[in-house]
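Visitor: One file: upload_28.cif (mmCIF, C-alpha atoms).
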data_structure
#
loop_
_atom_site.group_PDB
_atom_site.id
_atom_site.type_symbol
_atom_site.label_atom_id
_atom_site.label_comp_id
_atom_site.auth_asym_id
_atom_site.auth_seq_id
_atom_site.Cartn_x
_atom_site.Cartn_y
_atom_site.Cartn_z
ATOM 1 C CA MET L 1 -87.039 -5.051 62.763
ATOM 2 C CA PRO L 2 -86.794 -1.361 62.004
ATOM 3 C CA ASP L 3 -84.234 0.037 59.589
ATOM 4 C CA SER L 4 -82.625 -3.294 58.801
ATOM 5 C CA MET L 5 -80.388 -3.524 55.776
ATOM 6 C CA ASP L 6 -82.349 -6.591 54.694
ATOM 7 C CA ALA L 7 -85.293 -4.342 53.943
ATOM 8 C CA VAL L 8 -83.142 -2.022 51.825
ATOM 9 C CA PHE L 9 -81.559 -4.780 49.754
ATOM 10 C CA GLN L 10 -84.879 -6.533 49.340
ATOM 11 C CA ALA L 11 -86.519 -3.298 48.215
ATOM 12 C CA LEU L 12 -83.780 -2.625 45.681
ATOM 13 C CA ALA L 13 -83.688 -6.190 44.356
ATOM 14 C CA CYS L 14 -86.384 -5.377 41.822
ATOM 15 C CA GLN L 15 -86.010 -3.372 38.647
ATOM 16 C CA SER L 16 -89.389 -1.622 38.835
ATOM 17 C CA ARG L 17 -88.717 -0.482 42.383
ATOM 18 C CA ARG L 18 -85.290 0.847 41.442
ATOM 19 C CA GLN L 19 -86.973 2.781 38.619
ATOM 20 C CA MET L 20 -89.518 4.129 41.093
ATOM 21 C CA VAL L 21 -86.669 5.443 43.228
ATOM 22 C CA ASP L 22 -85.206 7.152 40.121
ATOM 23 C CA ILE L 23 -88.569 8.714 39.330
ATOM 24 C CA VAL L 24 -89.155 10.043 42.854
ATOM 25 C CA LYS L 25 -85.581 11.312 43.131
ATOM 26 C CA ALA L 26 -86.026 13.258 39.876
ATOM 27 C CA ALA L 27 -89.362 14.727 40.978
ATOM 28 C CA PRO L 28 -89.290 15.313 44.749
ATOM 29 C CA GLY L 29 -92.770 15.744 46.167
ATOM 30 C CA CYS L 30 -94.494 13.913 43.313
ATOM 31 C CA GLY L 31 -97.611 11.835 43.924
ATOM 32 C CA VAL L 32 -98.368 8.149 43.415
ATOM 33 C CA GLY L 33 -100.099 9.008 40.117
ATOM 34 C CA HIS L 34 -96.915 10.470 38.699
ATOM 35 C CA VAL L 35 -94.988 7.295 39.523
ATOM 36 C CA ALA L 36 -97.784 5.060 38.214
ATOM 37 C CA SER L 37 -97.809 6.887 34.871
ATOM 38 C CA PHE L 38 -94.430 5.319 34.044
ATOM 39 C CA PHE L 39 -95.594 1.719 34.507
ATOM 40 C CA PRO L 40 -98.071 -0.527 32.696
ATOM 41 C CA MET L 41 -99.124 -2.059 36.057
ATOM 42 C CA SER L 42 -102.162 -1.052 38.101
ATOM 43 C CA ARG L 43 -102.061 1.794 40.598
ATOM 44 C CA ILE L 44 -102.611 -0.760 43.389
ATOM 45 C CA ALA L 45 -99.515 -2.696 42.264
ATOM 46 C CA VAL L 46 -97.482 0.520 42.179
ATOM 47 C CA MET L 47 -98.672 1.363 45.690
ATOM 48 C CA LYS L 48 -97.556 -2.068 46.906
ATOM 49 C CA HIS L 49 -94.082 -1.458 45.502
ATOM 50 C CA LEU L 50 -93.992 2.008 47.062
ATOM 51 C CA LYS L 51 -94.928 0.498 50.400
ATOM 52 C CA VAL L 52 -91.922 -1.841 50.216
ATOM 53 C CA LEU L 53 -89.703 1.165 49.422
ATOM 54 C CA ALA L 54 -91.228 3.157 52.278
ATOM 55 C CA GLU L 55 -90.660 0.320 54.754
ATOM 56 C CA ALA L 56 -86.993 0.352 53.771
ATOM 57 C CA ARG L 57 -87.094 4.173 54.208
ATOM 58 C CA LEU L 58 -85.825 4.661 50.671
ATOM 59 C CA ILE L 59 -88.945 6.711 50.103
ATOM 60 C CA VAL L 60 -90.537 8.978 52.664
ATOM 61 C CA SER L 61 -94.166 9.810 52.060
ATOM 62 C CA GLU L 62 -95.824 12.824 53.590
ATOM 63 C CA LYS L 63 -99.507 13.538 53.758
ATOM 64 C CA GLU L 64 -100.474 16.964 52.490
ATOM 65 C CA GLY L 65 -104.209 17.362 52.793
ATOM 66 C CA ARG L 66 -105.656 14.488 50.790
ATOM 67 C CA THR L 67 -102.613 13.858 48.635
ATOM 68 C CA ARG L 68 -99.481 11.936 49.435
ATOM 69 C CA ARG L 69 -96.131 13.438 48.471
ATOM 70 C CA LEU L 70 -93.129 11.221 47.926
ATOM 71 C CA TYR L 71 -89.480 12.027 48.599
ATOM 72 C CA PHE L 72 -86.306 10.040 48.051
ATOM 73 C CA ASN L 73 -84.305 9.410 51.251
ATOM 74 C CA ALA L 74 -80.609 8.794 50.570
ATOM 75 C CA VAL L 75 -79.752 7.831 54.158
ATOM 76 C CA PRO L 76 -80.220 4.012 53.958
ATOM 77 C CA ILE L 77 -77.884 3.873 50.951
ATOM 78 C CA GLN L 78 -75.371 6.091 52.722
ATOM 79 C CA LEU L 79 -75.433 3.685 55.697
ATOM 80 C CA ILE L 80 -74.573 0.787 53.375
ATOM 81 C CA TYR L 81 -71.795 2.865 51.846
ATOM 82 C CA ASP L 82 -70.425 3.841 55.279
ATOM 83 C CA ARG L 83 -70.325 0.229 56.374
ATOM 84 C CA TRP L 84 -67.970 -0.964 53.676
ATOM 85 C CA THR L 85 -66.241 2.082 52.278
ATOM 86 C CA GLY L 86 -63.451 3.951 54.065
ATOM 87 C CA GLU L 87 -61.846 7.208 53.013
ATOM 88 C CA TYR L 88 -59.125 5.589 50.886
ATOM 89 C CA SER L 89 -61.178 2.894 49.260
ATOM 90 C CA ALA L 90 -63.764 5.570 48.422
ATOM 91 C CA LEU L 91 -61.143 7.525 46.493
ATOM 92 C CA TRP L 92 -60.027 4.566 44.387
ATOM 93 C CA ALA L 93 -63.440 3.049 43.978
ATOM 94 C CA SER L 94 -64.801 6.368 42.718
ATOM 95 C CA GLN L 95 -61.943 6.587 40.188
ATOM 96 C CA LEU L 96 -63.080 3.249 38.817
ATOM 97 C CA THR L 97 -66.765 4.145 38.745
ATOM 98 C CA ASP L 98 -65.923 7.481 37.045
ATOM 99 C CA LEU L 99 -63.964 5.558 34.418
ATOM 100 C CA LYS L 100 -66.848 3.141 33.911
ATOM 101 C CA HIS L 101 -69.370 5.995 33.529
ATOM 102 C CA ARG L 102 -67.061 7.854 31.101
ATOM 103 C CA ILE L 103 -66.413 4.861 28.873
ATOM 104 C CA GLU L 104 -70.028 3.758 28.886
ATOM 105 C CA ALA L 105 -71.219 7.275 28.054
ATOM 106 C CA LYS L 106 -68.818 7.296 25.094
ATOM 107 C CA GLY L 107 -70.235 3.990 23.874
ATOM 108 C CA LYS L 108 -73.725 5.483 23.770
ATOM 109 C CA GLY L 109 -72.537 8.309 21.500
ATOM 110 C CA PRO L 110 -73.899 11.840 21.395
ATOM 111 C CA MET U 1 -87.781 14.757 34.253
ATOM 112 C CA THR U 2 -85.034 17.346 33.958
ATOM 113 C CA SER U 3 -87.561 19.879 32.736
ATOM 114 C CA ASP U 4 -89.575 19.197 35.896
ATOM 115 C CA ALA U 5 -86.519 19.926 37.993
ATOM 116 C CA ALA U 6 -85.764 23.067 36.002
ATOM 117 C CA LYS U 7 -89.304 24.355 36.491
ATOM 118 C CA ARG U 8 -89.145 24.113 40.266
ATOM 119 C CA ALA U 9 -87.981 27.332 41.876
ATOM 120 C CA THR U 10 -87.382 25.713 45.236
ATOM 121 C CA ASP U 11 -86.660 22.216 46.424
ATOM 122 C CA LYS U 12 -87.507 20.192 49.454
ATOM 123 C CA LEU U 13 -85.101 17.578 50.767
ATOM 124 C CA VAL U 14 -85.991 14.838 53.218
ATOM 125 C CA PHE U 15 -83.559 12.712 55.239
ATOM 126 C CA GLN U 16 -84.841 10.066 57.610
ATOM 127 C CA VAL U 17 -83.223 7.512 59.855
ATOM 128 C CA HIS U 18 -84.132 5.130 62.656
ATOM 129 C CA ILE U 19 -82.020 5.618 65.784
ATOM 130 C CA ASN U 20 -81.763 2.979 68.507
ATOM 131 C CA GLY U 21 -81.924 5.365 71.413
ATOM 132 C CA ARG U 22 -84.053 7.585 73.605
ATOM 133 C CA ILE U 23 -85.937 10.513 72.172
ATOM 134 C CA ASP U 24 -84.533 12.834 74.870
ATOM 135 C CA ASP U 25 -80.964 11.935 73.884
ATOM 136 C CA VAL U 26 -81.652 12.737 70.243
ATOM 137 C CA TRP U 27 -83.319 16.003 71.227
ATOM 138 C CA ARG U 28 -80.398 16.935 73.459
ATOM 139 C CA GLU U 29 -77.875 16.385 70.634
ATOM 140 C CA ILE U 30 -79.643 18.645 68.151
ATOM 141 C CA THR U 31 -80.347 21.444 70.632
ATOM 142 C CA ARG U 32 -77.238 21.388 72.805
ATOM 143 C CA THR U 33 -75.379 24.664 73.364
ATOM 144 C CA ASP U 34 -72.828 23.422 75.944
ATOM 145 C CA ALA U 35 -70.492 21.639 73.504
ATOM 146 C CA PRO U 36 -69.802 21.380 69.784
ATOM 147 C CA GLN U 37 -72.539 19.496 67.947
ATOM 148 C CA GLY U 38 -70.924 16.326 66.667
ATOM 149 C CA CYS U 39 -73.907 15.819 64.374
ATOM 150 C CA PHE U 40 -73.518 19.264 62.844
ATOM 151 C CA PHE U 41 -69.932 19.537 61.618
ATOM 152 C CA ASN U 42 -68.717 20.091 65.173
ATOM 153 C CA ALA U 43 -70.151 23.620 65.194
ATOM 154 C CA VAL U 44 -71.387 25.260 68.389
ATOM 155 C CA LEU U 45 -74.962 26.484 68.651
ATOM 156 C CA HIS U 46 -75.179 30.070 69.907
ATOM 157 C CA THR U 47 -78.618 31.499 70.594
ATOM 158 C CA THR U 48 -80.493 34.381 72.138
ATOM 159 C CA GLY U 49 -82.984 31.750 73.347
ATOM 160 C CA LEU U 50 -84.467 28.577 71.939
ATOM 161 C CA ARG U 51 -88.034 29.800 71.464
ATOM 162 C CA PRO U 52 -89.889 31.108 68.424
ATOM 163 C CA GLY U 53 -88.247 34.342 67.330
ATOM 164 C CA GLY U 54 -84.942 33.523 69.069
ATOM 165 C CA LYS U 55 -81.830 34.046 66.952
ATOM 166 C CA VAL U 56 -79.544 31.080 66.335
ATOM 167 C CA GLN U 57 -76.040 30.795 64.907
ATOM 168 C CA MET U 58 -73.732 27.883 64.247
ATOM 169 C CA ARG U 59 -70.182 28.970 64.983
ATOM 170 C CA THR U 60 -66.896 27.129 64.671
ATOM 171 C CA LYS U 61 -65.514 25.543 67.833
ATOM 172 C CA SER U 62 -63.088 28.473 68.265
ATOM 173 C CA GLY U 63 -66.009 30.902 67.926
ATOM 174 C CA GLY U 64 -64.032 32.914 65.370
ATOM 175 C CA ASN U 65 -66.288 32.130 62.437
ATOM 176 C CA THR U 66 -70.034 31.990 61.979
ATOM 177 C CA LEU U 67 -71.174 29.394 59.461
ATOM 178 C CA VAL U 68 -74.950 29.575 59.660
ATOM 179 C CA ILE U 69 -77.449 32.172 60.876
ATOM 180 C CA GLY U 70 -81.147 31.735 61.476
ATOM 181 C CA GLU U 71 -84.182 32.214 63.634
ATOM 182 C CA VAL U 72 -86.222 29.706 65.616
ATOM 183 C CA LEU U 73 -89.626 29.061 64.030
ATOM 184 C CA GLU U 74 -90.867 26.236 66.251
ATOM 185 C CA PHE U 75 -89.555 24.750 69.471
ATOM 186 C CA ASP U 76 -91.587 21.870 70.809
ATOM 187 C CA PRO U 77 -89.387 19.527 72.917
ATOM 188 C CA PRO U 78 -88.787 16.691 72.225
ATOM 189 C CA ARG U 79 -90.734 16.510 68.973
ATOM 190 C CA ARG U 80 -90.032 19.401 66.669
ATOM 191 C CA TYR U 81 -87.390 22.056 66.231
ATOM 192 C CA ALA U 82 -87.596 24.294 63.165
ATOM 193 C CA VAL U 83 -85.339 27.170 62.181
ATOM 194 C CA THR U 84 -84.607 29.412 59.244
ATOM 195 C CA PHE U 85 -81.176 28.644 57.912
ATOM 196 C CA ARG U 86 -78.713 30.640 55.856
ATOM 197 C CA PHE U 87 -75.053 29.937 55.129
ATOM 198 C CA THR U 88 -73.078 33.125 55.829
ATOM 199 C CA GLN U 89 -70.695 32.437 52.973
ATOM 200 C CA TYR U 90 -73.387 32.336 50.271
ATOM 201 C CA ASP U 91 -75.821 34.981 49.129
ATOM 202 C CA ASP U 92 -78.690 32.488 48.855
ATOM 203 C CA PRO U 93 -81.978 33.337 50.579
ATOM 204 C CA PRO U 94 -82.635 31.512 53.873
ATOM 205 C CA CYS U 95 -84.239 28.090 53.730
ATOM 206 C CA LYS U 96 -86.134 26.256 56.445
ATOM 207 C CA VAL U 97 -84.670 23.334 58.414
ATOM 208 C CA ILE U 98 -87.055 21.155 60.392
ATOM 209 C CA HIS U 99 -86.101 18.391 62.824
ATOM 210 C CA ASP U 100 -88.919 15.954 63.596
ATOM 211 C CA LEU U 101 -88.567 13.263 66.258
ATOM 212 C CA ARG U 102 -91.036 10.453 66.730
ATOM 213 C CA GLU U 103 -90.900 7.545 69.129
ATOM 214 C CA VAL U 104 -91.265 4.219 67.323
ATOM 215 C CA PRO U 105 -90.821 0.643 68.533
ATOM 216 C CA GLY U 106 -87.131 0.163 69.269
ATOM 217 C CA GLY U 107 -86.128 3.791 69.162
ATOM 218 C CA VAL U 108 -86.700 7.092 67.438
ATOM 219 C CA GLU U 109 -87.560 8.022 63.886
ATOM 220 C CA TYR U 110 -85.655 11.203 63.116
ATOM 221 C CA THR U 111 -86.547 13.224 60.035
ATOM 222 C CA LEU U 112 -84.583 16.200 58.788
ATOM 223 C CA THR U 113 -86.524 18.260 56.254
ATOM 224 C CA VAL U 114 -85.062 21.158 54.321
ATOM 225 C CA GLU U 115 -87.670 23.372 52.674
ATOM 226 C CA ASP U 116 -87.628 26.364 50.340
ATOM 227 C CA VAL U 117 -84.093 25.763 49.080
ATOM 228 C CA ALA U 118 -83.447 27.756 45.922
ATOM 229 C CA ALA U 119 -83.165 24.998 43.274
ATOM 230 C CA GLY U 120 -79.652 24.582 41.889
ATOM 231 C CA SER U 121 -78.164 26.964 44.482
ATOM 232 C CA LYS U 122 -74.968 26.372 46.439
ATOM 233 C CA THR U 123 -77.138 25.926 49.527
ATOM 234 C CA ALA U 124 -79.078 23.141 47.763
ATOM 235 C CA LYS U 125 -75.840 21.382 46.843
ATOM 236 C CA ASP U 126 -74.393 21.647 50.359
ATOM 237 C CA MET U 127 -77.622 20.538 52.003
ATOM 238 C CA THR U 128 -77.907 17.462 49.774
ATOM 239 C CA GLY U 129 -74.559 16.138 50.990
ATOM 240 C CA GLY U 130 -74.750 17.733 54.431
ATOM 241 C CA GLY U 131 -78.170 16.341 55.275
ATOM 242 C CA LYS U 132 -77.040 12.734 54.908
ATOM 243 C CA MET U 133 -73.987 13.472 57.003
ATOM 244 C CA ILE U 134 -75.977 15.164 59.804
ATOM 245 C CA VAL U 135 -78.513 12.338 60.027
ATOM 246 C CA ASN U 136 -75.847 9.608 59.985
ATOM 247 C CA SER U 137 -73.614 11.306 62.543
ATOM 248 C CA LEU U 138 -76.579 11.876 64.833
ATOM 249 C CA LYS U 139 -77.476 8.173 64.657
ATOM 250 C CA ARG U 140 -73.884 7.236 65.367
ATOM 251 C CA ILE U 141 -73.542 9.637 68.331
ATOM 252 C CA VAL U 142 -76.762 8.584 70.037
ATOM 253 C CA GLU U 143 -76.068 4.874 69.486
ATOM 254 C CA THR U 144 -72.331 4.748 70.238
ATOM 255 C CA GLY U 145 -71.510 7.963 72.064
ATOM 256 C CA ARG U 146 -69.400 9.592 69.359
ATOM 257 C CA PRO U 147 -69.109 10.167 65.607
ATOM 258 C CA SER U 148 -67.253 7.696 63.360
ATOM 259 C CA LEU U 149 -63.458 7.822 63.139
ATOM 260 C CA ALA U 150 -63.574 9.302 59.616
ATOM 261 C CA THR U 151 -65.913 12.054 60.841
ATOM 262 C CA ARG U 152 -63.731 12.749 63.886
ATOM 263 C CA LEU U 153 -60.653 13.080 61.662
ATOM 264 C CA MET U 154 -62.586 15.450 59.418
ATOM 265 C CA TYR U 155 -63.481 17.589 62.463
ATOM 266 C CA LYS U 156 -59.794 17.731 63.432
ATOM 267 C CA MET U 157 -59.075 19.024 59.939
ATOM 268 C CA PHE U 158 -61.845 21.629 60.225
ATOM 269 C CA GLY U 159 -60.153 22.948 63.358
ATOM 270 C CA LEU U 160 -56.775 23.171 61.658
ATOM 271 C CA MET U 161 -58.112 24.551 58.397
ATOM 272 C CA GLU U 162 -60.426 27.192 59.826
ATOM 273 C CA PHE U 163 -58.331 29.934 58.219
ATOM 274 C CA VAL U 164 -59.513 28.877 54.747
ATOM 275 C CA LEU U 165 -63.060 30.078 55.464
ATOM 276 C CA PRO U 166 -63.914 33.278 53.565
ATOM 277 C CA LYS U 167 -63.474 36.535 55.486
ATOM 278 C CA LYS U 168 -67.193 37.221 55.417
ATOM 279 C CA CYS U 169 -67.670 34.304 57.834
ATOM 280 C CA ARG U 170 -65.791 36.041 60.663
ATOM 281 C CA SER U 171 -68.038 36.215 63.701
ATOM 282 C CA LYS U 172 -67.434 39.957 64.107
ATOM 283 C CA ASN U 173 -69.513 40.402 60.933
ATOM 284 C CA TRP U 174 -72.390 38.472 62.489
ATOM 285 C CA PRO U 175 -73.297 39.881 65.894
ATOM 286 C CA LEU U 176 -75.931 37.749 67.604
#
Let me see whether you can do it: turn the structure in this file into structure tokens.

Guide:
Amino acid sequence: MPDSMDAVFQALACQSRRQMVDIVKAAPGCGVGHVASFFPMSRIAVMKHLKVLAEARLIVSEKEGRTRRLYFNAVPIQLIYDRWTGEYSALWASQLTDLKHRIEAKGKGP
Amino acid sequence: MTSDAAKRATDKLVFQVHINGRIDDVWREITRTDAPQGCFFNAVLHTTGLRPGGKVQMRTKSGGNTLVIGEVLEFDPPRRYAVTFRFTQYDDPPCKVIHDLREVPGGVEYTLTVEDVAAGSKTAKDMTGGGKMIVNSLKRIVETGRPSLATRLMYKMFGLMEFVLPKKCRSKNWPL
């Protein structure tokens, strides 16, 4: 069942995996070791999580010699967005999310 | 993490999607010169020849403006097509755009890779949004025969709003 949305939602339904996506997005081309350094779990456990993310195509891994480089792939999330968000709803929804981000940033203080 | 990003001089962006279709159809969409490319902002591919060293340009449907210039690096149908890529309206150095096609069960895995993008440049910003759009439109065209309604409306607008493009984009400034 390639590229199913089930795989994407399942992959994202886990806090550690969402953090892994954040980490890879912030450091395109990083290796498994870089990701693992953020977690108290074993490297094997991290690799299992990364495999789930790769199967959902949220992370694309490329072999470069003996190392593996990881990249964030925004396309699966864009496909979810496209499915339920039209031009007009996008405008209003983004006003609300902007407001949320602004207020919440204020709450955190400088 | 931000310091990591700041240290990088160039970025690499990867966009990947599974397309329920035939590899030849995907290849034809990304290399077609006979009609506007619905997967690439409805621009028309002009070329001196699709082979390494051949010059390529993406021009508006009217032909009046040239949006992108580049040179073919690799041309290996139907698996890999790589070009240098520079937006005519920016002064950023050229980056590299690579299309990789791979047959997988149930269709094609299409990967768009953008390499050597100057980090934080206008090109990097445009490619981040543009890449998603290219990959999604391509999937849509191969699977359904045409881009989504929202994308088609946007293309209509492009046609009407062509005059807003900066003067430096005029095709007379970019002989092929």

Visitor: Could you tell me which residues of chain U sit within 12 Å of chain L when counting only C-alpha atoms, and give me the result as a ChimeraX atom specification?

Guide: /U:1-8,10-20,104-115,119,128-140,148-151,153-154

Visitor: With 10 Å as the cut-off and only C-alpha atoms counted, what is the closest atom pair between each nearby residue of region 113-149 of chain U and region 84-97 of chain U? Distances in Å to one decimal, ordered by chain and number, as CSV.

Guide:
residue,atom,partner,partner_atom,distance
U:Thr113,CA,U:Val97,CA,5.8
U:Val114,CA,U:Val97,CA,4.7
U:Glu115,CA,U:Lys96,CA,5.0
U:Asp116,CA,U:Cys95,CA,5.1
U:Val117,CA,U:Cys95,CA,5.2
U:Ala118,CA,U:Asp92,CA,7.3
U:Ser121,CA,U:Asp92,CA,7.1
U:Lys122,CA,U:Tyr90,CA,7.3
U:Thr123,CA,U:Asp92,CA,6.8
U:Ala124,CA,U:Cys95,CA,9.3
U:Asp126,CA,U:Phe87,CA,9.6
U:Met127,CA,U:Val97,CA,9.9

Visitor: Taking the file as I've supplied it (selection: the PyMOL selection byres ((chain U and resi 58-70) around 9)), which residues are included? Please answer as a PyMOL selection string.

Guide: chain U and resi 35-36+40-47+54-57+71-72+83-89+94+96+158-159+162+165+167-174+176

Visitor: Selection from above, C-alpha atoms, as a compact mmCIF listing (two decimals), keeping the file's coordinate frame, can you write it?

Guide:
# COMPACT_ATOMS: atom_id res chain seq x y z
CA ALA U 35 -70.49 21.64 73.50
CA PRO U 36 -69.80 21.38 69.78
CA PHE U 40 -73.52 19.26 62.84
CA PHE U 41 -69.93 19.54 61.62
CA ASN U 42 -68.72 20.09 65.17
CA ALA U 43 -70.15 23.62 65.19
CA VAL U 44 -71.39 25.26 68.39
CA LEU U 45 -74.96 26.48 68.65
CA HIS U 46 -75.18 30.07 69.91
CA THR U 47 -78.62 31.50 70.59
CA GLY U 54 -84.94 33.52 69.07
CA LYS U 55 -81.83 34.05 66.95
CA VAL U 56 -79.54 31.08 66.33
CA GLN U 57 -76.04 30.80 64.91
CA GLU U 71 -84.18 32.21 63.63
CA VAL U 72 -86.22 29.71 65.62
CA VAL U 83 -85.34 27.17 62.18
CA THR U 84 -84.61 29.41 59.24
CA PHE U 85 -81.18 28.64 57.91
CA ARG U 86 -78.71 30.64 55.86
CA PHE U 87 -75.05 29.94 55.13
CA THR U 88 -73.08 33.12 55.83
CA GLN U 89 -70.69 32.44 52.97
CA PRO U 94 -82.64 31.51 53.87
CA LYS U 96 -86.13 26.26 56.44
CA PHE U 158 -61.84 21.63 60.22
CA GLY U 159 -60.15 22.95 63.36
CA GLU U 162 -60.43 27.19 59.83
CA LEU U 165 -63.06 30.08 55.46
CA LYS U 167 -63.47 36.53 55.49
CA LYS U 168 -67.19 37.22 55.42
CA CYS U 169 -67.67 34.30 57.83
CA ARG U 170 -65.79 36.04 60.66
CA SER U 171 -68.04 36.22 63.70
CA LYS U 172 -67.43 39.96 64.11
CA ASN U 173 -69.51 40.40 60.93
CA TRP U 174 -72.39 38.47 62.49
CA LEU U 176 -75.93 37.75 67.60

Visitor: With all atoms listed in the file as the basis for distance, which of U:Met157, U:Trp27, U:Glu143, U:Arg51 is at the shortest distance from Asp100 (chain U)?

Guide: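 Smallest distance to Asp100 (chain U) is found for U:Trp27.
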
Visitor: Record the distance separating CA of Arg152 (chain U) and CA of Ala7 (chain L), expressed in Å with one decimal.

Guide: 29.3 Å

Visitor: Do you have the CA of Pro78 (chain U)-CA of Asp25 (chain U) distance handy?

Guide: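 So the answer is 9.3 Å.
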
Visitor: One number please: CA of Pro40 (chain L) to CA of Phe9 (chain L), in Å, one decimal.

Guide: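 These atoms are spaced 24.1 Å apart.
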
Visitor: Report as a list in words all protein, DNA and RNA residues lying within 12 Å of Pro77 (chain U), evaluated on all atoms listed in the file, omitting residues in the same chain fewer than 6 positions from it.

Guide: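 Within the cut-off, the hits are Ile23, Asp24, Asp25, Val26, Trp27, Arg28, Ile30, Thr31, Leu50, Arg51, His99, Asp100, Leu101 and Arg102 of chain U.
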
Visitor: I need the residue nearest Val32 (chain L) from this list: L:Arg83, L:Arg68, L:Lys100, L:Lys51. Use only C-alpha atoms for the distance.

Guide: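 Using only C-alpha atoms, the shortest distance to Val32 (chain L) belongs to L:Arg68.
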
Visitor: Please rebuild region 50-64 of chain U with N, CA and C atoms and give the result as a PDB file, in the coordinates of the input.

Guide:
ATOM      1  N   LEU U  50     -83.805  29.551  72.815  1.00  0.00           N
ATOM      2  CA  LEU U  50     -84.467  28.577  71.939  1.00  0.00           C
ATOM      3  C   LEU U  50     -85.972  28.661  72.147  1.00  0.00           C
ATOM      4  N   ARG U  51     -86.579  29.606  71.461  1.00  0.00           N
ATOM      5  CA  ARG U  51     -88.034  29.800  71.464  1.00  0.00           C
ATOM      6  C   ARG U  51     -88.348  30.528  70.169  1.00  0.00           C
ATOM      7  N   PRO U  52     -89.578  30.445  69.688  1.00  0.00           N
ATOM      8  CA  PRO U  52     -89.889  31.108  68.424  1.00  0.00           C
ATOM      9  C   PRO U  52     -89.443  32.571  68.450  1.00  0.00           C
ATOM     10  N   GLY U  53     -88.755  32.973  67.409  1.00  0.00           N
ATOM     11  CA  GLY U  53     -88.247  34.342  67.330  1.00  0.00           C
ATOM     12  C   GLY U  53     -86.819  34.489  67.820  1.00  0.00           C
ATOM     13  N   GLY U  54     -86.323  33.476  68.583  1.00  0.00           N
ATOM     14  CA  GLY U  54     -84.942  33.523  69.069  1.00  0.00           C
ATOM     15  C   GLY U  54     -83.971  33.419  67.903  1.00  0.00           C
ATOM     16  N   LYS U  55     -82.853  34.126  68.008  1.00  0.00           N
ATOM     17  CA  LYS U  55     -81.830  34.046  66.952  1.00  0.00           C
ATOM     18  C   LYS U  55     -80.905  32.866  67.239  1.00  0.00           C
ATOM     19  N   VAL U  56     -80.501  32.179  66.168  1.00  0.00           N
ATOM     20  CA  VAL U  56     -79.544  31.080  66.335  1.00  0.00           C
ATOM     21  C   VAL U  56     -78.384  31.257  65.358  1.00  0.00           C
ATOM     22  N   GLN U  57     -77.217  30.797  65.773  1.00  0.00           N
ATOM     23  CA  GLN U  57     -76.040  30.795  64.907  1.00  0.00           C
ATOM     24  C   GLN U  57     -75.267  29.517  65.154  1.00  0.00           C
ATOM     25  N   MET U  58     -74.658  28.994  64.090  1.00  0.00           N
ATOM     26  CA  MET U  58     -73.732  27.883  64.247  1.00  0.00           C
ATOM     27  C   MET U  58     -72.344  28.456  64.020  1.00  0.00           C
ATOM     28  N   ARG U  59     -71.536  28.433  65.081  1.00  0.00           N
ATOM     29  CA  ARG U  59     -70.182  28.970  64.983  1.00  0.00           C
ATOM     30  C   ARG U  59     -69.157  27.852  65.080  1.00  0.00           C
ATOM     31  N   THR U  60     -67.978  28.113  64.557  1.00  0.00           N
ATOM     32  CA  THR U  60     -66.896  27.129  64.671  1.00  0.00           C
ATOM     33  C   THR U  60     -66.545  26.963  66.140  1.00  0.00           C
ATOM     34  N   LYS U  61     -65.847  25.868  66.446  1.00  0.00           N
ATOM     35  CA  LYS U  61     -65.514  25.543  67.833  1.00  0.00           C
ATOM     36  C   LYS U  61     -64.752  26.695  68.490  1.00  0.00           C
ATOM     37  N   SER U  62     -63.869  27.354  67.730  1.00  0.00           N
ATOM     38  CA  SER U  62     -63.088  28.473  68.265  1.00  0.00           C
ATOM     39  C   SER U  62     -63.972  29.703  68.486  1.00  0.00           C
ATOM     40  N   GLY U  63     -65.126  29.745  67.831  1.00  0.00           N
ATOM     41  CA  GLY U  63     -66.009  30.902  67.926  1.00  0.00           C
ATOM     42  C   GLY U  63     -65.659  31.998  66.926  1.00  0.00           C
ATOM     43  N   GLY U  64     -64.521  31.864  66.266  1.00  0.00           N
ATOM     44  CA  GLY U  64     -64.032  32.914  65.370  1.00  0.00           C
ATOM     45  C   GLY U  64     -64.845  33.099  64.100  1.00  0.00           C
TER      46      GLY U  64
END
